[in-house]
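Peer 1: Next comes upload_6.cif, mmCIF, C-alpha atoms:
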```cif
data_input
loop_
_atom_site.label_atom_id
_atom_site.label_comp_id
_atom_site.auth_asym_id
_atom_site.auth_seq_id
_atom_site.Cartn_x
_atom_site.Cartn_y
_atom_site.Cartn_z
CA MET A 1 -92.07 -43.61 -55.98
CA ASP A 2 -95.53 -44.18 -57.37
CA SER A 3 -97.31 -47.54 -57.36
CA ARG A 4 -96.62 -48.21 -61.06
CA GLU A 5 -92.90 -47.67 -60.53
CA SER A 6 -92.98 -49.85 -57.40
CA ASN A 7 -94.70 -52.65 -59.32
CA LEU A 8 -92.24 -52.41 -62.20
CA LEU A 9 -89.31 -52.45 -59.78
CA ALA A 10 -90.62 -55.52 -57.96
CA GLN A 11 -91.11 -57.33 -61.27
CA ALA A 12 -87.69 -56.26 -62.53
CA ILE A 13 -85.96 -57.54 -59.41
CA ASN A 14 -87.72 -60.87 -59.97
CA GLY A 15 -86.24 -61.11 -63.47
CA ASP A 16 -88.92 -59.53 -65.66
CA ARG A 17 -86.89 -57.82 -68.41
CA LYS A 18 -89.93 -56.04 -69.88
CA ALA A 19 -90.65 -54.46 -66.50
CA LEU A 20 -87.01 -53.43 -66.17
CA GLY A 21 -87.16 -51.83 -69.62
CA ALA A 22 -90.31 -49.93 -68.70
CA LEU A 23 -88.73 -48.82 -65.40
CA LEU A 24 -85.62 -47.55 -67.14
CA GLU A 25 -87.75 -45.78 -69.72
CA LEU A 26 -89.38 -43.78 -66.90
CA HIS A 27 -85.96 -42.50 -65.84
CA TYR A 28 -84.36 -42.12 -69.26
CA HIS A 29 -84.96 -38.38 -69.82
CA PRO A 30 -83.77 -37.18 -66.39
CA LEU A 31 -80.71 -39.43 -66.74
CA PHE A 32 -79.95 -38.16 -70.24
CA GLY A 33 -80.44 -34.55 -69.09
CA TYR A 34 -78.05 -35.14 -66.21
CA PHE A 35 -75.40 -36.43 -68.61
CA CYS A 36 -76.04 -33.60 -71.09
CA SER A 37 -75.20 -31.15 -68.32
CA LEU A 38 -72.12 -33.09 -67.29
CA THR A 39 -70.82 -33.28 -70.86
CA LYS A 40 -71.54 -29.61 -71.60
CA GLY A 41 -74.25 -30.40 -74.12
CA ASP A 42 -72.45 -33.20 -75.99
CA ALA A 43 -75.55 -35.25 -76.86
CA ALA A 44 -73.56 -38.14 -78.36
CA ARG A 45 -71.40 -38.52 -75.26
CA ALA A 46 -74.47 -38.09 -73.03
CA GLU A 47 -76.24 -40.85 -74.97
CA ASP A 48 -73.21 -43.14 -74.60
CA LEU A 49 -73.07 -42.51 -70.86
CA THR A 50 -76.82 -43.06 -70.53
CA GLN A 51 -76.58 -46.37 -72.38
CA GLU A 52 -73.55 -47.47 -70.34
CA THR A 53 -75.44 -46.67 -67.14
CA ILE A 54 -78.47 -48.61 -68.34
CA ILE A 55 -76.27 -51.61 -69.17
CA LYS A 56 -74.78 -51.48 -65.66
CA VAL A 57 -78.26 -51.31 -64.13
CA ILE A 58 -79.45 -54.27 -66.21
CA GLY A 59 -76.41 -56.28 -65.17
CA ASN A 60 -76.79 -55.44 -61.50
CA ILE A 61 -80.55 -55.17 -60.88
CA GLU A 62 -80.43 -58.24 -58.66
CA LYS A 63 -78.06 -56.31 -56.35
CA TYR A 64 -80.56 -53.50 -55.82
CA ARG A 65 -81.97 -53.41 -52.30
CA PRO A 66 -85.17 -51.46 -51.66
CA VAL A 67 -83.52 -49.77 -48.67
CA THR A 68 -82.97 -46.77 -50.96
CA GLU A 69 -85.17 -45.38 -53.70
CA PHE A 70 -84.45 -46.73 -57.18
CA LYS A 71 -83.69 -43.30 -58.70
CA TYR A 72 -81.04 -42.71 -56.03
CA TRP A 73 -79.42 -46.04 -56.87
CA LEU A 74 -79.66 -45.24 -60.60
CA PHE A 75 -78.07 -41.79 -60.27
CA ARG A 76 -75.36 -43.17 -58.02
CA ILE A 77 -74.45 -45.59 -60.83
CA ALA A 78 -74.69 -42.69 -63.32
CA ARG A 79 -72.33 -40.50 -61.32
CA ASN A 80 -69.83 -43.35 -60.93
CA THR A 81 -70.06 -44.08 -64.67
CA TYR A 82 -69.22 -40.48 -65.43
CA ILE A 83 -66.34 -40.41 -62.95
CA ASP A 84 -64.97 -43.64 -64.48
CA LEU A 85 -65.06 -42.01 -67.92
CA TYR A 86 -63.33 -38.92 -66.58
CA ARG A 87 -60.54 -41.06 -65.16
CA LYS A 88 -60.07 -42.74 -68.56
CA LYS A 89 -60.11 -39.56 -70.68
CA SER A 90 -58.07 -36.52 -69.85
CA ASP A 91 -60.03 -34.32 -72.30
CA GLN A 92 -63.25 -34.84 -70.35
CA PRO A 93 -64.32 -32.13 -67.89
CA GLY A 94 -63.94 -33.04 -64.24
CA PRO A 95 -66.72 -34.76 -62.34
CA ASN A 96 -68.01 -31.48 -60.96
CA GLU A 97 -67.61 -29.23 -64.01
CA PHE A 98 -71.15 -28.83 -65.26
CA ASP A 99 -72.78 -26.90 -68.05
CA PHE A 100 -76.10 -26.66 -66.26
CA SER A 101 -78.88 -25.90 -68.69
CA LEU A 102 -81.86 -24.67 -66.69
CA VAL A 103 -84.12 -24.10 -69.63
CA GLN A 104 -84.40 -27.36 -71.52
CA SER A 105 -88.15 -27.53 -71.58
CA GLY A 106 -90.50 -25.64 -73.83
CA GLU A 107 -90.04 -22.47 -71.77
CA ASP A 108 -87.23 -21.26 -74.06
CA THR A 109 -88.28 -22.02 -77.62
CA GLY A 110 -85.60 -19.86 -79.20
CA LYS A 111 -88.22 -17.43 -80.55
CA ASN A 112 -87.52 -14.79 -77.99
CA LEU A 113 -84.06 -13.21 -77.85
CA GLU A 114 -84.62 -11.96 -74.30
CA SER A 115 -85.49 -15.45 -73.15
CA ARG A 116 -82.32 -16.89 -74.71
CA GLU A 117 -80.20 -14.15 -73.17
CA PHE A 118 -81.80 -14.77 -69.78
CA SER A 119 -81.11 -18.51 -70.08
CA GLN A 120 -77.48 -17.83 -70.93
CA LYS A 121 -77.10 -15.53 -67.92
CA VAL A 122 -78.66 -18.10 -65.60
CA ARG A 123 -76.37 -20.84 -66.96
CA ALA A 124 -73.36 -18.55 -66.49
CA ALA A 125 -74.41 -17.80 -62.91
CA ILE A 126 -74.77 -21.50 -62.14
CA ASN A 127 -71.42 -22.27 -63.78
CA ALA A 128 -69.81 -19.68 -61.50
CA LEU A 129 -70.85 -21.67 -58.42
CA PRO A 130 -68.28 -23.82 -56.62
CA ASP A 131 -68.28 -27.43 -57.86
CA GLU A 132 -69.98 -28.96 -54.81
CA GLN A 133 -72.80 -26.41 -54.96
CA LYS A 134 -73.32 -26.99 -58.70
CA GLU A 135 -73.54 -30.72 -58.11
CA VAL A 136 -76.19 -30.33 -55.40
CA VAL A 137 -78.28 -28.09 -57.67
CA LEU A 138 -77.90 -30.53 -60.57
CA LEU A 139 -78.85 -33.61 -58.56
CA LYS A 140 -81.81 -31.81 -57.01
CA VAL A 141 -83.16 -30.44 -60.30
CA TYR A 142 -82.47 -33.33 -62.71
CA ALA A 143 -82.73 -36.33 -60.43
CA ASP A 144 -85.15 -34.83 -57.91
CA LEU A 145 -83.17 -36.54 -55.18
CA THR A 146 -83.64 -35.85 -51.52
CA PHE A 147 -80.90 -34.05 -49.65
CA LYS A 148 -80.19 -37.27 -47.76
CA GLU A 149 -79.59 -39.06 -51.07
CA ILE A 150 -77.49 -36.18 -52.38
CA SER A 151 -75.38 -36.21 -49.22
CA GLU A 152 -74.76 -39.95 -49.65
CA ILE A 153 -73.74 -39.47 -53.28
CA GLN A 154 -71.38 -36.64 -52.35
CA GLY A 155 -70.10 -38.50 -49.31
CA CYS A 156 -70.89 -35.71 -46.87
CA PRO A 157 -73.28 -35.14 -43.96
CA ILE A 158 -76.84 -34.12 -44.88
CA ASN A 159 -76.36 -30.71 -43.27
CA THR A 160 -73.42 -30.09 -45.60
CA ALA A 161 -75.57 -30.88 -48.65
CA LEU A 162 -78.28 -28.57 -47.32
CA ALA A 163 -75.74 -25.82 -46.68
CA ARG A 164 -74.32 -26.21 -50.19
CA MET A 165 -77.78 -25.73 -51.66
CA ARG A 166 -78.44 -22.75 -49.41
CA TYR A 167 -75.14 -21.10 -50.38
CA ALA A 168 -75.80 -21.86 -54.05
CA LEU A 169 -79.21 -20.21 -53.89
CA MET A 170 -77.80 -17.21 -52.02
CA ALA A 171 -75.03 -16.81 -54.60
CA LEU A 172 -77.50 -17.10 -57.48
CA LYS A 173 -79.79 -14.55 -55.88
CA LYS A 174 -76.87 -12.16 -55.38
CA THR A 175 -75.72 -12.64 -58.99
CA ILE A 176 -79.22 -12.11 -60.33
CA ARG A 177 -79.59 -8.89 -58.34
CA LYS A 178 -76.15 -7.70 -59.43
CA GLU A 179 -76.75 -8.52 -63.10
CA SER A 180 -80.35 -7.26 -62.92
CA LEU A 181 -81.57 -10.43 -64.55
#
```
Once you've parsed the file, please lay out its structure as structure tokens.
Peer 2:
Amino acid sequence: MDSRESNLLAQAINGDRKALGALLELHYHPLFGYFCSLTKGDAARAEDLTQETIIKVIGNIEKYRPVTEFKYWLFRIARNTYIDLYRKKSDQPGPNEFDFSLVQSGEDTGKNLESREFSQKVRAAINALPDEQKEVVLLKVYADLTFKEISEIQGCPINTALARMRYALMALKKTIRKESL
């Protein structure tokens, strides 16, 4: 956490709503991207989940304890918000069924057919991973969480989270070699 984020967090905990807004703005895009992946690209549903998470954070900021990093706390709330939605709606994909979109930045502009095909193959390879491995990859890439934080979110030992990432990377490497991506 950089000093600006630390200052905003300290101010937000002390009741400064502008600081809280600025803090949440820093994390908006990774949070929205996380929900886009969880909802298989449904931007409207991802926006709703993002807003619901932000409302929960605003209502509970005084409960935050700086024992853990803010983004970990935020993504823990986000994951629980998604799981709550899944429990309410049977048409929603399960909490570990992701449509992981690796290329959401300017790398794949849509101008190059090969690039789009490559992106689709990578997404398919990630979707073929077991649920726990997909979740580790998603939390690492979108939330940039540590493996300790990921293990706490998943409710498993840190070595299990590390192993899940290792097996995910091995499986992706094997798939890429097999598909000659």
Peer 1: Run through the PyMOL selection byres ((chain A and resi 136) around 10) on the given coordinates and return the selected residues as a list in words.
Peer 2: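 Here the PyMOL selection byres ((chain A and resi 136) around 10) matches Asn96, Asp131, Glu132, Gln133, Lys134, Glu135, Val137, Leu138, Leu139, Lys140, Val141, Leu145, Phe147, Ile150, Ser151, Ile153, Gln154, Ala161, Leu162, Ala163, Arg164, Met165, Arg166 and Ala168 of chain A.
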Peer 1: For this structure, which residues satisfy the selection - the PyMOL selection byres ((chain A and resi 175) around 10) - when it is evaluated on the file as given? I want them as a PyMOL selection string.
Peer 2: chain A and resi 121-122+124-126+128+169-174+176-181
Peer 1: So which one's closest to Asn14 of chain A, A:Ile61, A:Leu38, A:Ala43, A:Leu31? Using only C-alpha atoms, please.
Peer 2: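 Of the candidates, the smallest distance to Asn14 of chain A is held by A:Ile61.
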Peer 1: My list of candidates is A:Tyr82, A:Tyr142, A:Phe75, A:Phe70. Which is closest to Asp2 of chain A when distances are computed with all atoms listed in the file?
Peer 2: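 Going through A:Tyr82, A:Tyr142, A:Phe75, A:Phe70 one by one, the smallest distance to Asp2 of chain A is for A:Phe70.
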Peer 1: Mind pulling up the distance from atom CA of His27 of chain A to atom CA of Arg79 of chain A?
Peer 2: 14.5 Å
Peer 1: Would you kindly return, as a list of chain:residue names, each protein, DNA or RNA residue with an atom no farther than 12 Å from any atom of Thr50 of chain A, considering all atoms listed in the file and excluding same-chain residues fewer than 6 positions away?
Peer 2: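 That gives A:Leu24, A:Glu25, A:His27, A:Tyr28, A:His29, A:Pro30, A:Leu31, A:Phe32, A:Gly33, A:Tyr34, A:Phe35, A:Cys36, A:Leu38, A:Thr39, A:Ala43, A:Ala44, A:Lys56, A:Val57, A:Leu74, A:Phe75, A:Ile77, A:Ala78, A:Arg79, A:Asn80, A:Thr81, A:Tyr82.
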Peer 1: Restrict the selected residues to C-alpha atoms and save them as a PDB file, keeping the file's coordinate frame.
Peer 2:
```pdb
ATOM      1  CA  LEU A  24     -85.620 -47.550 -67.140  1.00  0.00           C
ATOM      2  CA  GLU A  25     -87.750 -45.780 -69.720  1.00  0.00           C
ATOM      3  CA  HIS A  27     -85.960 -42.500 -65.840  1.00  0.00           C
ATOM      4  CA  TYR A  28     -84.360 -42.120 -69.260  1.00  0.00           C
ATOM      5  CA  HIS A  29     -84.960 -38.380 -69.820  1.00  0.00           C
ATOM      6  CA  PRO A  30     -83.770 -37.180 -66.390  1.00  0.00           C
ATOM      7  CA  LEU A  31     -80.710 -39.430 -66.740  1.00  0.00           C
ATOM      8  CA  PHE A  32     -79.950 -38.160 -70.240  1.00  0.00           C
ATOM      9  CA  GLY A  33     -80.440 -34.550 -69.090  1.00  0.00           C
ATOM     10  CA  TYR A  34     -78.050 -35.140 -66.210  1.00  0.00           C
ATOM     11  CA  PHE A  35     -75.400 -36.430 -68.610  1.00  0.00           C
ATOM     12  CA  CYS A  36     -76.040 -33.600 -71.090  1.00  0.00           C
ATOM     13  CA  LEU A  38     -72.120 -33.090 -67.290  1.00  0.00           C
ATOM     14  CA  THR A  39     -70.820 -33.280 -70.860  1.00  0.00           C
ATOM     15  CA  ALA A  43     -75.550 -35.250 -76.860  1.00  0.00           C
ATOM     16  CA  ALA A  44     -73.560 -38.140 -78.360  1.00  0.00           C
ATOM     17  CA  LYS A  56     -74.780 -51.480 -65.660  1.00  0.00           C
ATOM     18  CA  VAL A  57     -78.260 -51.310 -64.130  1.00  0.00           C
ATOM     19  CA  LEU A  74     -79.660 -45.240 -60.600  1.00  0.00           C
ATOM     20  CA  PHE A  75     -78.070 -41.790 -60.270  1.00  0.00           C
ATOM     21  CA  ILE A  77     -74.450 -45.590 -60.830  1.00  0.00           C
ATOM     22  CA  ALA A  78     -74.690 -42.690 -63.320  1.00  0.00           C
ATOM     23  CA  ARG A  79     -72.330 -40.500 -61.320  1.00  0.00           C
ATOM     24  CA  ASN A  80     -69.830 -43.350 -60.930  1.00  0.00           C
ATOM     25  CA  THR A  81     -70.060 -44.080 -64.670  1.00  0.00           C
ATOM     26  CA  TYR A  82     -69.220 -40.480 -65.430  1.00  0.00           C
TER      27      TYR A  82
END
```
Peer 1: Can you work out the spacing between atom CA of Glu69 of chain A and atom CA of Asp42 of chain A in Å, to one decimal?
Peer 2: 28.4 Å
Peer 1: Just checking: using only C-alpha atoms, which residue out of A:Glu5, A:Gly21, A:Phe118, A:Tyr72 ends up closest to Ile55 of chain A?
Peer 2: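 That would be A:Gly21, the residue with the smallest distance to Ile55 of chain A.
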Peer 1: Go ahead and compute the interatomic distance for atom CA of Lys63 of chain A and atom CA of Ile13 of chain A, in Å to one decimal.
Peer 2: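 We find that atom CA of Lys63 of chain A and atom CA of Ile13 of chain A lie 8.6 Å from each other.
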Peer 1: Using all atoms listed in the file, which residue out of A:Ile58, A:Arg45, A:Leu85, A:Ser37 lies closest to Ala12 of chain A?
Peer 2: A:Ile58
